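Participant: Provided herewith: my_file_7.txt, compact mmCIF, C-alpha atoms.
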# COMPACT_ATOMS: atom_id res chain seq x y z
CA MET X 274 -57.51 0.86 -72.63
CA THR X 275 -56.31 -0.55 -75.88
CA ASP X 276 -58.44 1.38 -78.31
CA THR X 277 -56.81 4.74 -78.83
CA THR X 278 -58.30 5.47 -82.22
CA VAL X 279 -60.82 7.92 -80.76
CA PRO X 280 -59.51 11.23 -79.40
CA ASN X 281 -60.41 11.38 -75.73
CA ALA X 282 -60.30 14.99 -74.64
CA LEU X 283 -60.11 15.20 -70.87
CA PRO X 284 -59.27 17.99 -68.45
CA THR X 285 -55.50 18.17 -67.93
CA GLU X 286 -55.59 16.73 -64.42
CA LEU X 287 -57.47 13.68 -65.65
CA VAL X 288 -55.32 12.84 -68.70
CA PRO X 289 -53.75 9.42 -68.30
CA GLY X 290 -49.96 9.62 -68.33
CA ARG X 291 -49.98 13.31 -67.36
CA GLY X 292 -50.09 12.83 -63.61
CA GLY X 293 -53.82 12.16 -63.39
CA GLY X 294 -56.26 9.42 -64.30
CA GLY X 295 -53.69 6.66 -64.01
CA PRO X 296 -50.90 5.68 -66.35
CA ALA X 297 -51.08 6.04 -70.13
CA SER X 298 -52.52 3.12 -72.05
CA THR X 299 -50.28 0.09 -72.51
CA ARG X 300 -50.23 0.74 -76.23
CA THR X 301 -48.89 4.27 -75.78
CA VAL X 302 -46.28 3.14 -73.25
CA VAL X 303 -45.10 0.21 -75.43
CA ALA X 304 -44.85 2.31 -78.59
CA TYR X 305 -43.10 5.13 -76.72
CA GLY X 306 -40.55 2.72 -75.28
CA PHE X 307 -39.95 1.26 -78.73
CA TRP X 308 -39.61 4.79 -80.13
CA ILE X 309 -36.83 5.41 -77.56
CA PHE X 310 -35.15 2.17 -78.68
CA LEU X 311 -35.36 3.24 -82.33
CA LEU X 312 -33.82 6.61 -81.53
CA SER X 313 -30.93 4.91 -79.72
CA ASP X 314 -30.54 2.59 -82.72
CA ILE X 315 -30.35 5.66 -84.98
CA ILE X 316 -27.71 7.13 -82.64
CA MET X 317 -25.72 3.89 -83.09
CA PHE X 318 -26.04 4.39 -86.86
CA SER X 319 -24.84 7.98 -86.48
CA GLY X 320 -21.52 6.59 -85.20
CA LEU X 321 -21.20 4.48 -88.36
CA PHE X 322 -22.20 7.46 -90.53
CA ALA X 323 -19.52 9.55 -88.81
CA ALA X 324 -16.92 6.81 -89.40
CA TYR X 325 -17.89 6.62 -93.07
CA ALA X 326 -17.80 10.39 -93.50
CA VAL X 327 -14.34 10.55 -91.93
CA LEU X 328 -12.92 7.57 -93.83
CA SER X 329 -14.60 8.04 -97.22
CA GLY X 330 -11.38 9.52 -98.66
CA ALA X 331 -9.07 6.86 -97.18
CA THR X 332 -9.06 4.56 -100.19
CA ALA X 333 -5.39 3.44 -99.83
CA ASP X 334 -4.95 3.75 -103.63
CA GLY X 335 -7.78 1.23 -103.98
CA PRO X 336 -11.07 1.67 -105.81
CA THR X 337 -13.14 4.75 -105.01
CA GLY X 338 -16.87 5.05 -104.67
CA ARG X 339 -17.11 6.50 -108.17
CA GLU X 340 -15.63 3.29 -109.62
CA LEU X 341 -17.61 0.91 -107.41
CA PHE X 342 -21.12 2.26 -107.00
CA ASP X 343 -23.90 1.59 -109.45
CA LEU X 344 -26.60 4.24 -109.08
CA ARG X 345 -29.14 2.20 -110.98
CA SER X 346 -29.14 -0.61 -108.45
CA ALA X 347 -29.05 1.93 -105.59
CA PHE X 348 -32.16 3.51 -107.08
CA ILE X 349 -33.95 0.16 -107.37
CA GLU X 350 -33.00 -0.66 -103.76
CA THR X 351 -34.36 2.71 -102.64
CA ALA X 352 -37.61 2.16 -104.54
CA CYS X 353 -38.03 -1.35 -103.03
CA LEU X 354 -37.54 -0.09 -99.48
CA LEU X 355 -39.76 2.95 -99.94
CA VAL X 356 -42.68 0.99 -101.40
CA SER X 357 -42.23 -1.70 -98.74
CA SER X 358 -42.54 1.03 -96.09
CA TYR X 359 -45.81 2.05 -97.75
CA THR X 360 -47.20 -1.50 -97.89
CA CYS X 361 -46.08 -2.03 -94.28
CA GLY X 362 -48.09 1.03 -93.26
CA LEU X 363 -51.14 -0.20 -95.17
CA GLY X 364 -50.69 -3.63 -93.54
CA ALA X 365 -50.67 -2.07 -90.07
CA LEU X 366 -53.78 -0.12 -91.04
CA SER X 367 -55.57 -3.30 -92.20
CA ALA X 368 -54.61 -5.01 -88.94
CA GLU X 369 -56.10 -2.11 -86.93
CA GLN X 370 -59.31 -2.60 -88.92
CA GLN X 371 -59.25 -6.34 -88.14
CA ARG X 372 -59.00 -7.19 -91.84
CA ARG X 373 -56.76 -10.20 -91.67
CA ASP X 374 -56.67 -11.13 -95.38
CA ARG X 375 -55.56 -7.64 -96.35
CA TYR X 376 -52.95 -7.73 -93.60
CA TYR X 377 -51.55 -10.96 -95.09
CA LEU X 378 -51.53 -9.47 -98.58
CA PHE X 379 -49.66 -6.31 -97.53
CA SER X 380 -47.26 -8.29 -95.34
CA ALA X 381 -46.43 -10.56 -98.28
CA LEU X 382 -45.74 -7.49 -100.45
CA THR X 383 -43.60 -5.95 -97.69
CA PHE X 384 -41.64 -9.18 -97.38
CA LEU X 385 -41.09 -9.53 -101.14
CA LEU X 386 -39.90 -5.94 -101.50
CA GLY X 387 -37.63 -6.23 -98.47
CA ALA X 388 -36.20 -9.50 -99.80
CA ALA X 389 -35.64 -7.90 -103.22
CA PHE X 390 -33.75 -5.08 -101.50
CA LEU X 391 -31.58 -7.58 -99.63
CA PHE X 392 -30.98 -9.65 -102.77
CA ILE X 393 -29.70 -6.62 -104.72
CA GLU X 394 -27.53 -5.54 -101.80
CA ILE X 395 -25.98 -8.98 -101.29
CA ARG X 396 -25.32 -9.29 -105.02
CA GLU X 397 -23.59 -5.91 -104.93
CA PHE X 398 -21.49 -6.93 -101.91
CA ALA X 399 -20.56 -10.28 -103.48
CA GLY X 400 -19.52 -8.56 -106.70
CA MET X 401 -17.32 -6.11 -104.82
CA VAL X 402 -15.65 -8.83 -102.74
CA HIS X 403 -15.15 -10.89 -105.90
CA GLU X 404 -13.33 -7.98 -107.58
CA GLY X 405 -10.98 -7.74 -104.60
CA SER X 406 -12.75 -4.69 -103.15
CA GLY X 407 -13.76 -6.40 -99.93
CA PRO X 408 -13.89 -4.75 -96.49
CA SER X 409 -10.17 -5.42 -95.91
CA ARG X 410 -9.07 -3.47 -99.02
CA SER X 411 -9.14 0.03 -97.50
CA ALA X 412 -10.51 2.00 -94.56
CA PHE X 413 -13.08 3.47 -96.94
CA LEU X 414 -14.36 0.00 -97.84
CA SER X 415 -14.32 -1.15 -94.19
CA ALA X 416 -16.52 1.81 -93.27
CA PHE X 417 -18.74 1.20 -96.32
CA PHE X 418 -19.33 -2.47 -95.54
CA THR X 419 -19.91 -1.73 -91.84
CA LEU X 420 -22.47 1.01 -92.47
CA VAL X 421 -24.39 -0.55 -95.36
CA GLY X 422 -23.98 -4.07 -93.93
CA MET X 423 -25.40 -2.95 -90.57
CA HIS X 424 -28.44 -1.53 -92.35
CA GLY X 425 -28.74 -4.81 -94.30
CA ALA X 426 -28.54 -6.77 -91.04
CA HIS X 427 -31.39 -4.67 -89.68
CA VAL X 428 -33.46 -5.37 -92.80
CA THR X 429 -32.71 -9.10 -92.41
CA SER X 430 -33.86 -9.12 -88.79
CA GLY X 431 -36.89 -7.10 -89.87
CA LEU X 432 -37.81 -9.81 -92.40
CA VAL X 433 -37.45 -12.52 -89.73
CA TRP X 434 -39.60 -10.43 -87.39
CA LEU X 435 -42.20 -9.97 -90.16
CA ILE X 436 -42.51 -13.75 -90.65
CA TYR X 437 -42.82 -14.13 -86.88
CA MET X 438 -45.59 -11.49 -86.77
CA VAL X 439 -47.55 -13.12 -89.60
CA ALA X 440 -47.31 -16.42 -87.72
CA GLN X 441 -48.57 -14.72 -84.55
CA VAL X 442 -51.50 -13.17 -86.39
CA ALA X 443 -52.30 -16.57 -87.94
CA VAL X 444 -52.19 -18.39 -84.59
CA LYS X 445 -53.41 -15.79 -82.10
CA GLY X 446 -55.47 -13.47 -84.29
CA LEU X 447 -55.44 -9.68 -84.20
CA ARG X 448 -55.66 -9.38 -80.43
CA PRO X 449 -54.56 -6.21 -78.61
CA HIS X 450 -51.12 -7.51 -77.59
CA VAL X 451 -50.45 -8.78 -81.12
CA LEU X 452 -51.50 -5.38 -82.47
CA ARG X 453 -49.01 -3.71 -80.11
CA ARG X 454 -46.23 -5.90 -81.50
CA LEU X 455 -47.36 -5.11 -85.05
CA LEU X 456 -47.17 -1.41 -84.20
CA CYS X 457 -43.58 -1.86 -82.98
CA PHE X 458 -42.72 -3.73 -86.16
CA SER X 459 -44.08 -1.03 -88.44
CA LEU X 460 -42.20 1.64 -86.44
CA PHE X 461 -39.02 -0.42 -86.91
CA TRP X 462 -39.58 -0.80 -90.65
CA HIS X 463 -40.26 2.92 -91.15
CA ALA X 464 -37.13 3.77 -89.13
CA LEU X 465 -35.04 1.51 -91.40
CA ASP X 466 -36.29 3.48 -94.38
CA ILE X 467 -35.28 6.73 -92.67
CA VAL X 468 -31.77 5.35 -92.10
CA TRP X 469 -31.64 4.28 -95.75
CA VAL X 470 -32.36 7.88 -96.85
CA GLY X 471 -29.14 8.83 -95.07
CA VAL X 472 -27.26 5.87 -96.58
CA PHE X 473 -28.18 6.47 -100.21
CA THR X 474 -27.58 10.20 -99.90
CA LEU X 475 -24.21 10.05 -98.11
CA VAL X 476 -22.79 6.83 -99.55
CA TYR X 477 -24.14 6.49 -103.08
CA LEU X 478 -25.15 9.95 -104.29
CA MET X 479 -22.21 11.81 -102.71
CA GLY X 480 -19.89 8.85 -103.29
CA ILE X 481 -20.10 8.98 -107.08
CA ARG X 482 -18.90 12.57 -107.19
CA MET P 106 -59.49 21.61 -81.60
CA ASP P 107 -60.86 21.08 -78.10
CA GLY P 108 -62.35 23.29 -75.42
CA GLU P 109 -60.17 25.27 -73.06
CA GLY P 110 -58.43 23.37 -70.30
CA SER P 111 -58.73 20.02 -72.01
CA VAL P 112 -55.79 18.06 -73.37
CA LEU P 113 -55.58 14.93 -75.45
CA GLU P 114 -53.93 11.85 -74.09
CA ASP P 115 -50.34 11.41 -75.28
CA ARG P 116 -50.13 10.15 -78.81
CA THR P 117 -48.72 6.82 -79.65
CA PRO P 118 -45.85 7.05 -82.15
CA GLY P 119 -46.87 5.75 -85.56
CA VAL P 120 -50.60 6.04 -84.96
CA GLU P 121 -52.89 8.64 -86.46
CA HIS P 122 -55.93 9.49 -84.35
CA ALA P 123 -58.20 9.80 -87.32
CA GLU P 124 -60.43 7.81 -89.57
CA SER P 125 -58.74 5.02 -91.46
CA ARG P 126 -59.39 6.85 -94.70
CA ALA P 127 -57.30 9.78 -93.52
CA ASP P 128 -54.59 7.30 -92.52
CA PHE P 129 -54.62 5.75 -95.98
CA LEU P 130 -54.43 9.17 -97.60
CA SER P 131 -51.54 10.10 -95.30
CA TYR P 132 -49.54 7.04 -96.34
CA THR P 133 -50.29 7.63 -100.01
CA ALA P 134 -49.38 11.33 -99.84
CA GLY P 135 -46.19 10.36 -98.02
CA LEU P 136 -45.29 7.82 -100.69
CA ILE P 137 -45.85 10.31 -103.52
CA LEU P 138 -43.79 13.01 -101.79
CA ALA P 139 -41.00 10.58 -100.88
CA VAL P 140 -40.82 9.20 -104.44
CA GLY P 141 -40.64 12.74 -105.79
CA LEU P 142 -37.83 13.69 -103.38
CA THR P 143 -35.93 10.46 -104.11
CA ILE P 144 -36.08 11.03 -107.87
CA ALA P 145 -35.03 14.65 -107.31
CA SER P 146 -32.01 13.46 -105.29
CA PHE P 147 -30.86 11.07 -108.00
CA VAL P 148 -31.41 13.66 -110.73
CA VAL P 149 -29.44 16.28 -108.79
CA ALA P 150 -26.58 13.83 -108.22
CA GLU P 151 -26.36 12.64 -111.81
CA THR P 152 -26.87 15.82 -113.78
CA ASN P 153 -25.44 19.33 -113.73
CA LEU P 154 -28.79 20.84 -112.87
CA LEU P 155 -27.29 22.37 -109.73
CA TRP P 156 -24.09 24.38 -109.59
CA GLY P 157 -21.31 21.78 -109.01
CA PRO P 158 -20.10 22.73 -105.50
CA GLY P 159 -23.71 23.16 -104.38
CA ILE P 160 -24.72 19.59 -105.18
CA PRO P 161 -23.82 18.10 -101.75
CA VAL P 162 -25.78 20.88 -100.06
CA GLY P 163 -28.74 20.20 -102.33
CA LEU P 164 -28.56 16.47 -101.58
CA VAL P 165 -28.48 17.11 -97.82
CA VAL P 166 -31.50 19.43 -98.08
CA LEU P 167 -33.43 16.82 -100.12
CA ALA P 168 -32.48 14.08 -97.62
CA PHE P 169 -33.70 16.16 -94.67
CA ALA P 170 -36.92 16.92 -96.54
CA GLN P 171 -37.48 13.23 -97.19
CA ILE P 172 -36.77 12.29 -93.56
CA GLY P 173 -39.32 14.95 -92.58
CA VAL P 174 -41.87 13.43 -94.98
CA HIS P 175 -41.25 9.98 -93.47
CA LEU P 176 -41.65 11.31 -89.92
CA VAL P 177 -44.87 13.18 -90.64
CA PHE P 178 -46.66 10.86 -93.08
CA PHE P 179 -45.39 7.40 -92.07
CA LEU P 180 -44.63 7.84 -88.36
CA HIS P 181 -47.41 10.46 -87.92
CA MET P 182 -45.35 12.90 -85.89
CA GLY P 183 -47.20 16.16 -85.27
CA THR P 184 -46.92 19.42 -83.42
CA GLY P 185 -49.88 19.16 -81.06
CA PRO P 186 -49.53 18.97 -77.24
CA ASP P 187 -50.36 15.25 -77.38
CA HIS P 188 -47.15 14.71 -79.37
CA THR P 189 -44.83 16.48 -76.92
CA ASN P 190 -43.17 13.34 -75.55
CA ASN P 191 -42.49 11.78 -78.95
CA VAL P 192 -41.17 15.00 -80.47
CA LEU P 193 -38.99 15.77 -77.44
CA ALA P 194 -37.42 12.31 -77.62
CA LEU P 195 -36.87 12.81 -81.35
CA ALA P 196 -35.30 16.23 -80.77
CA PHE P 197 -32.92 14.78 -78.19
CA GLY P 198 -32.01 11.92 -80.54
CA LEU P 199 -31.32 14.38 -83.36
CA LEU P 200 -29.14 16.47 -81.04
CA ILE P 201 -26.98 13.43 -80.22
CA VAL P 202 -26.85 12.40 -83.91
CA PHE P 203 -25.75 15.91 -84.85
CA LEU P 204 -23.09 16.00 -82.10
CA VAL P 205 -21.66 12.60 -83.09
CA ILE P 206 -21.52 13.24 -86.85
CA ALA P 207 -20.58 16.93 -86.89
CA GLY P 208 -18.21 16.52 -83.94
CA SER P 209 -16.38 13.59 -85.54
CA CYS P 210 -16.02 15.36 -88.88
CA TRP P 211 -14.84 18.56 -87.20
CA ILE P 212 -12.25 16.84 -84.99
CA MET P 213 -10.90 14.60 -87.75
CA ALA P 214 -10.67 17.45 -90.26
CA ASN P 215 -8.81 19.48 -87.64
CA LEU P 216 -6.41 16.60 -86.96
CA ASN P 217 -5.78 16.11 -90.67
CA THR P 218 -4.99 19.79 -91.14
CA ASN P 219 -2.58 19.88 -88.23
CA MET P 220 -0.91 16.53 -88.94
CA ALA P 221 -0.15 16.65 -92.63
CA THR P 222 2.22 19.49 -93.41
CA SER P 223 2.89 17.68 -96.68
CA PRO P 224 0.45 14.87 -97.43
CA SER P 225 2.75 13.16 -99.96
CA HIS P 226 5.62 13.22 -97.47
CA ILE P 227 3.44 11.61 -94.77
CA MET P 228 2.17 8.99 -97.22
CA GLY P 229 5.76 8.25 -98.19
CA VAL P 230 6.76 7.73 -94.55
CA GLN P 231 3.82 5.39 -94.01
CA ARG P 232 4.91 3.15 -96.86
Rewrite the structure from the file as structure tokens, please.
Facilitator:
Amino acid sequence: MTDTTVPNALPTELVPGRGGGGPASTRTVVAYGFWIFLLSDIIMFSGLFAAYAVLSGATADGPTGRELFDLRSAFIETACLLVSSYTCGLGALSAEQQRRDRYYLFSALTFLLGAAFLFIEIREFAGMVHEGSGPSRSAFLSAFFTLVGMHGAHVTSGLVWLIYMVAQVAVKGLRPHVLRRLLCFSLFWHALDIVWVGVFTLVYLMGIR
Amino acid sequence: MDGEGSVLEDRTPGVEHAESRADFLSYTAGLILAVGLTIASFVVAETNLLWGPGIPVGLVVLAFAQIGVHLVFFLHMGTGPDHTNNVLALAFGLLIVFLVIAGSCWIMANLNTNMATSPSHIMGVQR
């Protein structure tokens, strides 16, 4: 029960996972569990978003978002993450079709775009700390570094996970349990992009006003 | 889509039960829509296209639209009965997110209003 690409229409009492015909397929159960994890991760982010929204005015006479944020680099970061989400999806698709070379190609693109995103973000952070606008300057900057840094930490762990998945595909091949892990990875990567939509809207676009 | 009395097995989040070509088109359509919404957000923020006080509202609407595009085209969320579990979990997650963010903002705004009779006076005391 690993191939769920074909719709299997059954009478209600025989549908797996609906009280009949046994449990749902492992793939469905794994992805659903990971979906629950992602939602709880997003709830954790909502706490950081709330802290940022509350503290965004508490600049302690320090620099404000309007002085600090560069929309150009925020736009490039957004573009990198969005296109990497797309290539990640195409990579997952290639893996489902057992096309390993295309999976490698799209994974490499995903990794490069994710790394470019991280590079721009770290450069931005380093510049701000260098100018004396580090996380200890004001409550606003503490909240900013916590929220954006937490997203960056997720992207970093996503990149590590991506390398690990490519290694697994190289060693074990595109077997069902590797495909399940790939599915979890692509869910994770798409969820990071969803969180970033909130970050660039709340922090950067509203912050420059 | 199916005969009466038959239900599809629960959908797996992130997987489209369709031909790979449809999947590819879904990702591409999602990318085009998301790029359009992103550019719209940046244009709205940087220009005076929208009425000044309405800009934050416009940005929030664009952000929600883009999150919807991501959910439908990248995570393949749908409205069919086979999606019930995924969508219910999402709805519960969104409820908690809304409570945490809106609740925090509401409470803190209320505290600020009731605390600071004269903001400059309070700031002076703190220093």
Participant: So the first atom is CA of Ala416 in chain X and the second is CA of Phe458 in chain X; what is the distance between them in Å, to one decimal place?
Facilitator: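 One can read the CA of Ala416 in chain X to CA of Phe458 in chain X distance as 27.7 Å.
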Participant: Would you mind telling me which residue in P:Val166, P:Ile137, P:Ile201, P:Met220 lies nearest to chain X when using only C-alpha atoms?
Facilitator: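 Answer, going by the shortest atom-to-atom distance: P:Ile201.
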Participant: With distances taken over all atoms listed in the file, which of P:Ala170, P:Ala134, P:Leu200, P:Cys210 is nearest to chain X?
Facilitator: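 So, comparing all the options, the nearest one is P:Cys210.
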Participant: Quick one: distance from CA of Asn215 in chain P to CA of Leu167 in chain P in Å, one decimal?
Facilitator: 27.7 Å
Participant: Hey, can you check how far CA of Leu321 in chain X sits from CA of Gly387 in chain X?
Facilitator: 22.1 Å
Participant: With only C-alpha atoms as the basis for distance, which of P:Asn217, P:Ile212, P:Val162, P:Ala168 is at the shortest distance from chain X?
Facilitator: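 Distance minimum relative to chain X lands on P:Ala168.
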Participant: Pull the neighbourhood of (-27.4, 4.9, -97.4) for me: all residues within 12 Å in file coordinates, counting all atoms listed in the file, as an MDAnalysis selection string.
Facilitator: (chainID X and resid 318:319 321:322 325:326 342 344 347:348 350:351 354 394 417:425 465:480) or (chainID P and resid 168)
Participant: Compile the contact shell of range 173-178 of chain P as a list in words: residues with an atom at most 6 Å away, counting only C-alpha atoms, same-chain residues fewer than 5 positions apart removed.
Facilitator: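 Residues near the query, excluding close chain neighbours: Ser131, Tyr132 and Gly135 of chain P.
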Participant: Using all atoms listed in the file, which of the listed residues (P:Val192, P:Gly157, P:Leu216, P:Val205) sits closest to chain X?
Facilitator: P:Val205
